[in-house]
>>> print(open('protein08.txt').read())   # compact mmCIF, C-alpha atoms and all ligand atoms
# COMPACT_ATOMS: atom_id res chain seq x y z
CA MET A 35 0.00 0.00 0.00
CA LYS A 36 1.22 3.51 -0.90
CA LYS A 37 0.70 6.55 1.34
CA THR A 38 1.20 10.11 0.21
CA ILE A 39 2.04 12.61 2.93
CA SER A 40 1.76 16.37 2.44
CA PHE A 41 3.36 19.18 4.38
CA SER A 42 1.56 19.78 7.70
CA ARG A 43 0.74 23.40 8.41
CA ALA A 44 1.13 22.60 12.12
CA VAL A 45 1.72 19.64 14.45
CA LYS A 46 -0.52 20.22 17.43
CA GLY A 47 -2.55 18.10 19.81
CA GLU A 48 -2.56 15.37 22.40
CA LEU A 49 -1.73 11.72 21.78
CA SER A 50 -2.47 8.44 23.58
CA LEU A 51 -0.19 5.88 21.98
CA PRO A 52 -0.36 2.09 21.85
CA GLY A 53 1.12 0.16 24.75
CA ASP A 54 4.84 -0.52 24.80
CA LYS A 55 5.67 -3.44 22.54
CA SER A 56 8.55 -4.80 24.63
CA ILE A 57 6.54 -4.69 27.85
CA SER A 58 3.45 -6.23 26.19
CA HIS A 59 5.40 -9.24 24.87
CA ARG A 60 6.88 -9.82 28.31
CA ALA A 61 3.61 -9.34 30.21
CA ALA A 62 1.99 -11.97 27.97
CA ILE A 63 4.83 -14.52 28.13
CA PHE A 64 5.63 -14.25 31.83
CA ASN A 65 1.99 -14.32 32.94
CA SER A 66 1.50 -17.44 30.79
CA ILE A 67 3.88 -19.36 33.05
CA ALA A 68 2.57 -17.81 36.28
CA ARG A 69 -0.27 -19.36 38.26
CA GLY A 70 -3.49 -17.33 38.11
CA LYS A 71 -5.25 -14.70 36.02
CA ALA A 72 -3.63 -11.45 34.89
CA THR A 73 -5.48 -8.60 33.18
CA ILE A 74 -3.28 -6.49 30.96
CA SER A 75 -4.70 -3.22 29.64
CA ASN A 76 -3.31 -0.99 26.90
CA PHE A 77 -1.69 -4.14 25.51
CA SER A 78 0.19 -3.26 22.30
CA THR A 79 -2.09 -3.28 19.26
CA GLY A 80 0.84 -4.12 16.96
CA GLU A 81 1.06 -7.29 14.88
CA ASP A 82 4.25 -8.31 16.71
CA CYS A 83 2.47 -8.76 20.04
CA LYS A 84 -0.38 -10.58 18.29
CA SER A 85 2.24 -13.07 17.09
CA THR A 86 3.33 -13.62 20.69
CA LEU A 87 -0.27 -14.20 21.80
CA SER A 88 -0.90 -16.71 19.03
CA CYS A 89 2.28 -18.66 19.90
CA LEU A 90 1.22 -18.78 23.56
CA LYS A 91 -2.29 -19.95 22.62
CA ALA A 92 -0.74 -22.71 20.49
CA LEU A 93 1.08 -23.86 23.65
CA GLY A 94 -2.25 -24.24 25.45
CA VAL A 95 -2.45 -20.90 27.30
CA LYS A 96 -5.96 -19.48 27.67
CA ILE A 97 -5.96 -15.84 26.50
CA THR A 98 -9.17 -13.86 26.12
CA GLY A 99 -10.32 -10.30 25.51
CA VAL A 100 -12.65 -8.28 27.75
CA LYS A 101 -16.02 -7.00 26.52
CA ASN A 102 -16.08 -3.19 26.08
CA MET A 103 -12.40 -2.95 27.01
CA PRO A 104 -10.39 -2.75 23.80
CA ASN A 105 -6.71 -3.62 23.99
CA THR A 106 -7.18 -5.58 27.20
CA VAL A 107 -6.15 -9.22 27.41
CA VAL A 108 -6.64 -11.73 30.21
CA ILE A 109 -3.97 -14.41 30.52
CA GLU A 110 -4.71 -17.49 32.57
CA GLY A 111 -1.42 -18.98 33.67
CA LYS A 112 -1.56 -22.55 34.97
CA GLY A 113 1.92 -22.60 36.44
CA ARG A 114 5.45 -23.28 35.30
CA SER A 115 4.88 -26.81 33.94
CA ALA A 116 1.60 -26.24 32.11
CA LEU A 117 2.70 -25.53 28.53
CA ARG A 118 1.85 -28.27 26.00
CA GLU A 119 3.58 -29.40 22.82
CA PRO A 120 2.19 -27.35 19.91
CA SER A 121 0.57 -29.42 17.17
CA ASP A 122 1.88 -27.16 14.41
CA ILE A 123 4.68 -24.74 13.57
CA LEU A 124 4.69 -21.56 15.68
CA ASP A 125 4.70 -18.34 13.68
CA ALA A 126 6.54 -15.29 15.07
CA GLY A 127 5.62 -13.18 12.01
CA ASN A 128 7.94 -10.17 11.77
CA SER A 129 8.81 -10.21 15.46
CA GLY A 130 12.38 -10.85 16.60
CA THR A 131 11.26 -10.45 20.22
CA THR A 132 8.64 -13.22 19.80
CA MET A 133 11.09 -15.61 18.19
CA ARG A 134 13.98 -15.03 20.59
CA LEU A 135 11.99 -14.90 23.83
CA MET A 136 9.77 -17.84 22.89
CA SER A 137 12.86 -19.88 21.96
CA GLY A 138 14.26 -19.35 25.46
CA LEU A 139 10.99 -20.53 26.95
CA LEU A 140 10.69 -23.50 24.55
CA ALA A 141 14.27 -24.57 25.26
CA ALA A 142 13.18 -25.40 28.80
CA GLN A 143 10.01 -27.34 27.89
CA PRO A 144 10.00 -31.16 27.74
CA PHE A 145 8.65 -31.26 24.16
CA PHE A 146 9.42 -30.56 20.52
CA SER A 147 8.53 -27.33 18.74
CA VAL A 148 9.33 -25.48 15.53
CA ILE A 149 9.22 -21.70 15.23
CA THR A 150 9.39 -19.65 12.05
CA GLY A 151 8.67 -16.12 10.85
CA ASP A 152 8.27 -13.95 7.78
CA GLU A 153 10.97 -13.42 5.15
CA SER A 154 12.64 -10.61 7.13
CA LEU A 155 12.71 -12.60 10.38
CA ARG A 156 13.99 -15.70 8.59
CA SER A 157 17.02 -13.68 7.49
CA ARG A 158 17.87 -12.31 10.97
CA PRO A 159 20.65 -13.81 13.12
CA MET A 160 19.56 -16.59 15.47
CA LYS A 161 22.96 -18.05 16.33
CA ARG A 162 23.03 -15.48 19.13
CA ILE A 163 20.29 -17.44 20.96
CA ILE A 164 21.07 -20.94 19.64
CA GLU A 165 24.57 -20.78 21.09
CA PRO A 166 23.74 -19.98 24.74
CA LEU A 167 20.58 -22.12 24.78
CA SER A 168 22.57 -25.08 23.40
CA LEU A 169 25.23 -24.52 26.08
CA MET A 170 22.40 -24.84 28.59
CA GLY A 171 21.53 -28.23 27.11
CA ALA A 172 18.72 -27.54 24.60
CA GLU A 173 18.82 -29.20 21.17
CA ILE A 174 18.21 -26.45 18.62
CA ARG A 175 18.64 -26.70 14.86
CA GLY A 176 18.12 -24.08 12.18
CA ARG A 177 18.73 -23.35 8.52
CA ASN A 178 22.09 -22.23 7.23
CA ASN A 179 24.17 -24.29 9.63
CA ASP A 180 22.05 -23.51 12.69
CA THR A 181 22.03 -19.75 12.27
CA LEU A 182 18.62 -18.91 10.74
CA ALA A 183 14.93 -19.71 11.35
CA PRO A 184 12.88 -21.85 11.11
CA LEU A 185 14.27 -23.28 14.33
CA SER A 186 13.46 -26.72 15.70
CA ILE A 187 13.73 -26.95 19.46
CA LYS A 188 13.86 -30.07 21.60
CA GLY A 189 13.80 -28.70 25.11
CA GLY A 190 14.26 -30.39 28.43
CA MET A 191 16.19 -30.16 31.65
CA LEU A 192 18.73 -27.36 31.33
CA ARG A 193 21.81 -26.39 33.30
CA GLY A 194 22.74 -22.85 34.33
CA ILE A 195 25.64 -21.18 32.52
CA GLU A 196 27.88 -18.17 32.83
CA TYR A 197 27.55 -16.30 29.56
CA ARG A 198 29.08 -13.11 28.21
CA LEU A 199 26.75 -11.59 25.59
CA PRO A 200 28.68 -10.73 22.42
CA VAL A 201 26.18 -7.89 21.69
CA ALA A 202 24.07 -5.75 24.02
CA SER A 203 20.74 -7.35 23.14
CA ALA A 204 17.70 -7.41 25.40
CA GLN A 205 16.18 -10.13 23.25
CA VAL A 206 19.13 -12.47 23.73
CA LYS A 207 19.40 -11.58 27.43
CA SER A 208 15.68 -12.27 27.92
CA SER A 209 15.84 -15.54 25.99
CA ILE A 210 18.58 -16.79 28.33
CA ILE A 211 16.77 -15.49 31.42
CA LEU A 212 13.59 -17.37 30.46
CA ALA A 213 15.55 -20.60 30.02
CA ALA A 214 17.48 -19.91 33.24
CA LEU A 215 14.26 -19.73 35.27
CA PHE A 216 13.76 -23.45 34.55
CA ALA A 217 17.41 -24.61 34.79
CA GLY A 218 18.86 -26.97 37.41
CA SER A 219 21.43 -24.39 38.57
CA ALA A 220 22.00 -20.61 38.62
CA THR A 221 22.91 -18.56 35.52
CA LYS A 222 25.09 -15.48 35.22
CA ILE A 223 24.83 -13.14 32.22
CA LEU A 224 27.38 -10.41 31.51
CA GLU A 225 26.20 -7.60 29.22
CA PRO A 226 28.65 -5.41 27.26
CA ALA A 227 26.28 -2.46 27.92
CA VAL A 228 22.94 -2.33 29.70
CA SER A 229 20.04 -3.04 27.34
CA ARG A 230 16.35 -2.57 28.12
CA ASP A 231 15.59 -4.21 31.47
CA HIS A 232 11.84 -4.88 31.31
CA THR A 233 12.43 -8.63 31.68
CA GLU A 234 14.40 -8.25 34.90
CA GLN A 235 11.94 -5.69 36.29
CA LEU A 236 8.77 -7.61 35.55
CA LEU A 237 10.05 -11.07 36.51
CA SER A 238 11.38 -9.71 39.82
CA TYR A 239 7.99 -8.13 40.44
CA MET A 240 6.40 -11.54 39.82
CA GLY A 241 8.65 -13.24 42.37
CA ALA A 242 11.73 -14.39 40.41
CA GLN A 243 15.17 -13.79 41.88
CA ILE A 244 17.27 -11.77 39.45
CA LYS A 245 20.08 -9.69 40.89
CA ARG A 246 21.96 -6.99 38.96
CA ASN A 247 25.50 -5.97 39.80
CA ASN A 248 26.62 -3.36 37.25
CA ASN A 249 26.66 -5.24 33.93
CA ALA A 250 26.22 -8.70 35.52
CA LEU A 251 22.92 -10.47 36.15
CA ASP A 252 22.48 -13.49 38.44
CA ILE A 253 19.37 -15.55 37.82
CA THR A 254 18.16 -18.14 40.32
CA PRO A 255 15.86 -20.86 38.92
CA ILE A 256 12.27 -20.56 40.16
CA ALA A 257 11.29 -22.98 42.91
CA ASN A 258 7.66 -21.77 43.02
CA ASP A 259 5.23 -20.49 40.41
CA LEU A 260 5.43 -16.81 39.49
CA LYS A 261 2.68 -14.48 40.74
CA PRO A 262 0.41 -13.13 37.97
CA ILE A 263 0.53 -9.35 37.59
CA ASP A 264 -2.29 -7.08 36.39
CA MET A 265 -0.89 -4.12 34.56
CA ASN A 266 -1.66 -1.09 32.45
CA VAL A 267 1.08 -1.00 29.81
CA PRO A 268 2.61 2.47 29.38
CA ALA A 269 2.64 4.14 25.95
CA ASP A 270 5.57 3.01 23.82
CA ILE A 271 8.42 5.55 23.84
CA SER A 272 9.60 4.02 20.55
CA SER A 273 6.26 5.08 19.00
CA ALA A 274 6.40 8.44 20.79
CA ALA A 275 9.78 9.02 19.12
CA TYR A 276 8.11 9.84 15.75
CA TRP A 277 6.05 12.61 17.33
CA LEU A 278 8.89 13.88 19.52
CA VAL A 279 10.94 14.39 16.37
CA ALA A 280 7.99 15.67 14.27
CA ALA A 281 7.28 18.39 16.84
CA SER A 282 10.96 19.26 17.32
CA ILE A 283 11.60 19.82 13.60
CA HIS A 284 8.30 21.43 12.61
CA PRO A 285 8.14 25.25 12.91
CA MET A 286 4.54 25.30 14.26
CA ALA A 287 4.37 22.50 16.78
CA GLU A 288 3.20 21.70 20.26
CA LEU A 289 2.31 18.15 21.26
CA LYS A 290 1.48 16.35 24.48
CA ILE A 291 2.13 12.62 24.65
CA LEU A 292 0.23 10.97 27.49
CA ASN A 293 1.31 8.13 29.84
CA CYS A 294 4.60 7.46 28.11
CA GLY A 295 7.04 4.86 29.44
CA ILE A 296 10.29 6.53 30.51
CA ASN A 297 12.29 3.54 31.74
CA PRO A 298 15.91 4.85 31.76
CA THR A 299 17.06 1.92 29.59
CA ARG A 300 14.74 3.28 26.87
CA THR A 301 15.11 7.07 27.13
CA GLY A 302 18.22 7.54 24.99
CA ILE A 303 15.98 9.44 22.54
CA LEU A 304 15.17 12.02 25.26
CA ASP A 305 18.85 12.44 26.16
CA VAL A 306 19.84 12.88 22.53
CA LEU A 307 17.02 15.32 21.75
CA SER A 308 17.98 17.26 24.84
CA ASN A 309 21.65 17.38 23.67
CA MET A 310 20.38 18.58 20.29
CA GLY A 311 18.51 21.45 21.96
CA ALA A 312 14.94 20.13 21.62
CA LYS A 313 12.30 21.86 23.71
CA PHE A 314 10.40 19.32 25.80
CA TYR A 315 9.50 18.68 29.40
CA LEU A 316 8.02 15.85 31.44
CA ILE A 317 4.99 16.20 33.70
CA ASN A 318 2.97 13.85 35.95
CA GLN A 319 5.93 11.56 36.55
CA ARG A 320 4.90 8.40 38.39
CA ILE A 321 5.57 4.65 38.70
CA GLU A 322 3.01 2.07 37.48
CA GLY A 323 3.65 -1.69 37.62
CA GLY A 324 7.30 -1.00 38.42
CA GLU A 325 7.77 1.12 35.26
CA PRO A 326 8.28 4.93 35.32
CA ILE A 327 5.75 6.93 33.27
CA ALA A 328 5.23 10.61 32.38
CA ASP A 329 3.38 12.92 29.99
CA ILE A 330 5.80 14.59 27.57
CA VAL A 331 5.18 18.06 26.13
CA VAL A 332 7.31 18.91 23.10
CA SER A 333 7.39 21.93 20.79
CA SER A 334 9.19 23.46 17.79
CA SER A 335 12.93 23.64 18.41
CA ASN A 336 16.19 24.78 16.83
CA LEU A 337 18.25 21.62 16.80
CA LYS A 338 22.02 21.26 16.60
CA GLY A 339 24.07 18.24 15.53
CA THR A 340 25.35 15.72 18.06
CA ARG A 341 27.39 12.54 18.53
CA ILE A 342 25.71 9.27 19.50
CA GLU A 343 27.84 6.24 20.39
CA GLY A 344 28.88 3.63 22.98
CA ASP A 345 26.56 2.71 25.84
CA MET A 346 23.94 5.15 24.53
CA ILE A 347 23.22 2.95 21.50
CA PRO A 348 21.18 0.17 23.19
CA ARG A 349 19.10 2.90 24.91
CA LEU A 350 17.83 4.21 21.56
CA ILE A 351 18.55 1.47 19.02
CA ASP A 352 15.02 1.46 17.53
CA GLU A 353 14.85 5.26 17.36
CA ILE A 354 17.96 5.77 15.19
CA PRO A 355 16.09 6.09 11.85
CA VAL A 356 13.94 8.93 13.20
CA ILE A 357 16.94 10.48 15.01
CA ALA A 358 18.73 10.54 11.63
CA LEU A 359 15.73 12.48 10.31
CA ALA A 360 15.98 14.96 13.20
CA ALA A 361 19.68 15.40 12.36
CA CYS A 362 18.73 16.53 8.81
CA PHE A 363 17.05 19.56 10.43
CA ALA A 364 19.89 20.28 12.89
CA ARG A 365 22.74 22.76 12.41
CA GLY A 366 26.06 20.92 12.10
CA THR A 367 27.15 17.34 11.82
CA THR A 368 25.57 14.38 13.61
CA ILE A 369 27.68 11.25 13.94
CA ILE A 370 26.13 7.91 14.92
CA LYS A 371 28.67 5.16 15.72
CA ASP A 372 28.83 1.71 17.41
CA ALA A 373 25.41 0.89 15.95
CA GLY A 374 26.32 -2.05 13.69
CA GLU A 375 23.32 -3.88 15.23
CA LEU A 376 21.12 -1.72 13.00
CA ARG A 377 22.12 -4.00 10.13
CA ALA A 378 20.42 -6.96 11.89
CA LYS A 379 16.99 -5.33 12.38
CA GLU A 380 13.77 -5.70 10.33
CA SER A 381 15.81 -4.23 7.46
CA ASP A 382 19.48 -3.22 7.30
CA ARG A 383 18.61 0.14 8.85
CA ILE A 384 21.95 1.74 8.03
CA GLU A 385 21.39 1.09 4.31
CA THR A 386 17.64 1.69 4.23
CA THR A 387 17.69 4.88 6.33
CA THR A 388 20.52 6.44 4.31
CA SER A 389 19.10 5.42 0.93
CA GLU A 390 15.53 6.57 1.64
CA LEU A 391 16.42 9.86 3.38
CA SER A 392 18.88 10.59 0.53
CA LYS A 393 15.99 10.27 -1.94
CA LEU A 394 14.27 13.10 -0.05
CA GLY A 395 17.34 15.35 -0.18
CA ALA A 396 19.28 14.41 2.98
CA ASN A 397 23.04 14.81 3.14
CA ILE A 398 23.61 11.46 4.84
CA GLU A 399 26.36 8.89 4.52
CA ALA A 400 26.43 5.27 5.71
CA LEU A 401 29.27 4.04 7.95
CA PRO A 402 29.93 0.35 8.65
CA ASP A 403 28.49 0.89 12.15
CA GLY A 404 26.42 4.06 11.83
CA MET A 405 25.80 7.21 9.81
CA ILE A 406 26.99 10.78 9.34
CA ILE A 407 24.42 13.49 8.66
CA ASN A 408 25.50 16.97 7.63
CA GLY A 409 22.78 19.38 8.61
CA PRO A 410 20.83 21.34 8.05
CA CYS A 411 19.69 19.60 4.88
CA PRO A 412 15.94 20.29 4.91
CA LEU A 413 14.11 17.68 2.90
CA LYS A 414 12.05 18.35 -0.21
CA GLY A 415 9.80 15.27 -0.57
CA GLY A 416 9.94 12.43 -3.10
CA ILE A 417 9.18 8.78 -3.70
CA THR A 418 10.37 6.30 -1.07
CA ASN A 419 9.97 2.71 0.07
CA SER A 420 9.66 1.33 3.62
CA HIS A 421 11.63 -1.82 2.72
CA PHE A 422 8.89 -3.55 4.77
CA ASP A 423 10.37 -1.99 7.92
CA HIS A 424 7.80 -0.35 10.23
CA ARG A 425 10.29 2.07 11.76
CA LEU A 426 11.35 3.31 8.35
CA ALA A 427 7.76 3.73 7.13
CA MET A 428 6.94 5.99 10.09
CA THR A 429 10.22 7.92 9.84
CA LEU A 430 9.49 8.67 6.17
CA ALA A 431 5.95 9.77 7.05
CA VAL A 432 7.32 12.31 9.55
CA ALA A 433 9.77 13.47 6.86
CA GLY A 434 6.70 14.02 4.63
CA MET A 435 5.06 16.25 7.26
CA VAL A 436 7.98 18.69 7.14
CA SER A 437 8.77 18.55 3.39
CA PRO A 438 7.36 21.17 0.99
CA ASN A 439 6.56 18.64 -1.76
CA LYS A 440 4.63 15.42 -1.37
CA THR A 441 6.34 12.30 0.03
CA VAL A 442 5.17 8.91 -1.22
CA ILE A 443 5.89 5.84 0.93
CA ASP A 444 5.53 2.48 -0.74
CA ASN A 445 4.74 -0.53 1.50
CA SER A 446 3.52 1.83 4.21
CA GLN A 447 1.10 -0.77 5.67
CA VAL A 448 4.03 -2.25 7.61
CA ALA A 449 3.55 0.41 10.34
CA GLU A 450 0.96 -2.03 11.75
CA VAL A 451 3.82 -4.14 13.12
CA SER A 452 4.15 -1.79 16.10
CA TYR A 453 1.68 1.10 15.65
CA PRO A 454 -1.45 0.29 13.59
CA SER A 455 -3.13 3.65 14.41
CA PHE A 456 -0.11 5.67 13.27
CA TRP A 457 -1.78 6.91 10.05
CA GLU A 458 -4.96 7.94 11.88
CA ASP A 459 -2.92 9.85 14.45
CA LEU A 460 -0.98 11.57 11.67
CA THR A 461 -4.20 12.62 9.89
CA ARG A 462 -5.70 13.87 13.15
CA LEU A 463 -2.63 16.00 13.93
CA GLN A 464 -2.61 17.39 10.38
CA LYS A 465 -6.31 18.34 10.63
CA ALA A 466 -6.01 19.94 14.06
CA VAL A 467 -4.43 23.10 12.62
C1 LIG B 1 13.67 -5.54 21.96
C2 LIG B 1 15.04 -5.41 21.95
C3 LIG B 1 15.78 -4.77 20.87
C4 LIG B 1 14.88 -3.92 19.99
C5 LIG B 1 13.61 -4.62 19.64
C6 LIG B 1 12.83 -4.99 20.88
C7 LIG B 1 13.04 -6.26 23.08
O1 LIG B 1 16.38 -5.76 20.07
O2 LIG B 1 15.56 -3.54 18.82
O3 LIG B 1 12.79 -3.80 18.83
O4 LIG B 1 11.81 -6.13 23.28
O5 LIG B 1 13.76 -6.95 23.80
P1 LIG B 1 17.80 -6.42 20.45
O6 LIG B 1 17.66 -6.98 21.78
O7 LIG B 1 18.03 -7.49 19.43
O8 LIG B 1 18.77 -5.30 20.34
>>> encode(input="protein08.txt", output="structure tokens", more="lines below")
Ligand code: S3P
Amino acid sequence: MKKTISFSRAVKGELSLPGDKSISHRAAIFNSIARGKATISNFSTGEDCKSTLSCLKALGVKITGVKNMPNTVVIEGKGRSALREPSDILDAGNSGTTMRLMSGLLAAQPFFSVITGDESLRSRPMKRIIEPLSLMGAEIRGRNNDTLAPLSIKGGMLRGIEYRLPVASAQVKSSIILAALFAGSATKILEPAVSRDHTEQLLSYMGAQIKRNNNALDITPIANDLKPIDMNVPADISSAAYWLVAASIHPMAELKILNCGINPTRTGILDVLSNMGAKFYLINQRIEGGEPIADIVVSSSNLKGTRIEGDMIPRLIDEIPVIALAACFARGTTIIKDAGELRAKESDRIETTTSELSKLGANIEALPDGMIINGPCPLKGGITNSHFDHRLAMTLAVAGMVSPNKTVIDNSQVAEVSYPSFWEDLTRLQKAV
């Protein structure tokens, strides 16, 4: 599907965004192995989290909706040994989080399963989970010499390991943690930099023993069932990122984003926008379900270039395409380094971001592990393609809102992976002039 985006005369209004995708996946998976009912509201509406729910249902978990309460799911966990062998192949769709977290869980189950995904997911690296899960004792096979999905998993009794993650990846960390909960002995994970910590936070809240000591995590296997947790999922800061940037780079903007998750392992975008001189502030800061939340008010800003590298990268990895767009409107050079992981996302985001923003007039160059943007290079509009990557589709749409000529985005439907109502929100903001 093609979308054509015109210049917005203003970007004004208030937004309630879909629930955080990372937290929604985890709330669904962890409550499925707890004992009791959990009601999760503002559950992510994205296709990725639907993939997680359908995998869990195929393992025998009862998951239902609630009448007159959209985006609410009830998960009925029957305890840590209640999952059943699926009768068919599990489908993780486009979702790396589904495939990697579910694989960790499946590695510890006394049955056989196969998990696959769409073309993009079948090309993404899986050795990073196969290696540690195999060290723990699971039998996992995959295509291309055990590196790509579909994966076949024969789980069973696992042993704890000490494992140094080669990349700072919350998906890999969480996959190992899930397996470690069921192992016969303790597991230690060493992270090169701290990645999002929703798994540790939520599992600890549910009764698991996970201790952090700087970049080391010690996980004790669970002796008792986890407690189910009702929660209201905060708005996804990775979805908020499009509007934070749209408002910062548009000359007539003021937006309020409600109930947004501001977990410090996810707020790299706020730190970078602040370094770039963006005008925003947080109000109503509070904690819900162990996660910090705030409303964010953001308005038109004069941005300057910045440098983004090192430990900052895992804190904003999904926001880099839209940060690159912000850099096109900033005075001076922006350098993004140490972000080679971008090449292993839904698309090779270094290539796709540079090629698509270049088509719109950006002065942007790809590096092996990042990008250089020489700003300001205000964009003019043009014909682009999402490369079936949701984050790119939405970045290009925001580019269209600030470009004088029309911007066409081919394969725009892919935004539904994380933010199905994105196009409605965009239209609403454009109309509210
Ligand atoms: C996620 C972790 C990140 C992120 C992805 C969601 C998660 O991936 O890019 O969108 O929910 O754990 P990596 O852990 O592979 O960096």
>>> residues_near_ligand(input="protein08.txt", ligand="ligand LIG 1 (chain B)", cutoff="10 Å", atoms="all atoms listed in the file", output="PyMOL selection string")
chain A and resi 54-60+82+129-132+134-135+158-159+162+201-209+229-233+272+300+347-353+375-376+378-380+425+452
>>> closest_residue(input="protein08.txt", among="A:Thr441, A:Asn178, A:Ser186, A:Ser334", to="A:Phe145", atoms="all atoms listed in the file")
A:Ser186
>>> residues_around(input="protein08.txt", residues="stretch 306-311 of chain A", least_positions_apart="3", cutoff="10 Å", atoms="all atoms listed in the file", output="list in words")
Ala275, Leu278, Val279, Ser282, Thr301, Gly302, Ile303, Phe314, Tyr315, Ser335, Asn336, Leu337, Lys338, Gly339, Thr340, Arg341, Ile342, Met346, Leu350, Ile357, Ala360, Ala361, Ala364, Arg365 and Thr368 of chain A
>>> atom_distance(input="protein08.txt", atom1="atom CA of A:Ser88", atom2="atom CA of A:Pro144")
20.1 Å
>>> closest_residue(input="protein08.txt", among="A:Thr106, A:Gly324, A:Thr73, A:Ala62", to="A:Lys91", atoms="only C-alpha atoms")
A:Ala62
>>> atom_distance(input="protein08.txt", atom1="atom CA of A:Pro52", atom2="atom CA of A:Leu139")
25.8 Å
>>> residues_around(input="protein08.txt", residues="A:Asp423", least_positions_apart="2", cutoff="7 Å", atoms="all atoms listed in the file", output="ChimeraX atom specification")
/A:380-381,420-421,425-427,448
>>> decode(input="protein08.txt", residues="stretch 285-326 of chain A", atoms="C-alpha atoms", output="PDB file, in the first residue's frame")
ATOM      1  CA  PRO A 285       8.141  25.247  12.908  1.00  0.00           C
ATOM      2  CA  MET A 286       4.543  25.296  14.263  1.00  0.00           C
ATOM      3  CA  ALA A 287       4.366  22.502  16.775  1.00  0.00           C
ATOM      4  CA  GLU A 288       3.196  21.700  20.261  1.00  0.00           C
ATOM      5  CA  LEU A 289       2.308  18.150  21.258  1.00  0.00           C
ATOM      6  CA  LYS A 290       1.482  16.354  24.483  1.00  0.00           C
ATOM      7  CA  ILE A 291       2.133  12.624  24.651  1.00  0.00           C
ATOM      8  CA  LEU A 292       0.229  10.966  27.488  1.00  0.00           C
ATOM      9  CA  ASN A 293       1.312   8.133  29.838  1.00  0.00           C
ATOM     10  CA  CYS A 294       4.598   7.463  28.109  1.00  0.00           C
ATOM     11  CA  GLY A 295       7.039   4.864  29.438  1.00  0.00           C
ATOM     12  CA  ILE A 296      10.295   6.530  30.512  1.00  0.00           C
ATOM     13  CA  ASN A 297      12.294   3.540  31.737  1.00  0.00           C
ATOM     14  CA  PRO A 298      15.911   4.846  31.761  1.00  0.00           C
ATOM     15  CA  THR A 299      17.061   1.921  29.588  1.00  0.00           C
ATOM     16  CA  ARG A 300      14.743   3.279  26.869  1.00  0.00           C
ATOM     17  CA  THR A 301      15.110   7.066  27.127  1.00  0.00           C
ATOM     18  CA  GLY A 302      18.216   7.537  24.993  1.00  0.00           C
ATOM     19  CA  ILE A 303      15.979   9.442  22.542  1.00  0.00           C
ATOM     20  CA  LEU A 304      15.175  12.022  25.255  1.00  0.00           C
ATOM     21  CA  ASP A 305      18.853  12.435  26.163  1.00  0.00           C
ATOM     22  CA  VAL A 306      19.840  12.880  22.526  1.00  0.00           C
ATOM     23  CA  LEU A 307      17.018  15.315  21.748  1.00  0.00           C
ATOM     24  CA  SER A 308      17.977  17.260  24.841  1.00  0.00           C
ATOM     25  CA  ASN A 309      21.651  17.385  23.671  1.00  0.00           C
ATOM     26  CA  MET A 310      20.383  18.581  20.290  1.00  0.00           C
ATOM     27  CA  GLY A 311      18.507  21.450  21.962  1.00  0.00           C
ATOM     28  CA  ALA A 312      14.940  20.126  21.624  1.00  0.00           C
ATOM     29  CA  LYS A 313      12.300  21.865  23.710  1.00  0.00           C
ATOM     30  CA  PHE A 314      10.400  19.323  25.798  1.00  0.00           C
ATOM     31  CA  TYR A 315       9.504  18.683  29.399  1.00  0.00           C
ATOM     32  CA  LEU A 316       8.020  15.850  31.437  1.00  0.00           C
ATOM     33  CA  ILE A 317       4.988  16.200  33.703  1.00  0.00           C
ATOM     34  CA  ASN A 318       2.965  13.849  35.949  1.00  0.00           C
ATOM     35  CA  GLN A 319       5.930  11.560  36.549  1.00  0.00           C
ATOM     36  CA  ARG A 320       4.901   8.399  38.390  1.00  0.00           C
ATOM     37  CA  ILE A 321       5.571   4.647  38.697  1.00  0.00           C
ATOM     38  CA  GLU A 322       3.014   2.065  37.483  1.00  0.00           C
ATOM     39  CA  GLY A 323       3.650  -1.692  37.621  1.00  0.00           C
ATOM     40  CA  GLY A 324       7.304  -0.996  38.415  1.00  0.00           C
ATOM     41  CA  GLU A 325       7.774   1.119  35.255  1.00  0.00           C
ATOM     42  CA  PRO A 326       8.283   4.927  35.316  1.00  0.00           C
TER      43      PRO A 326
END
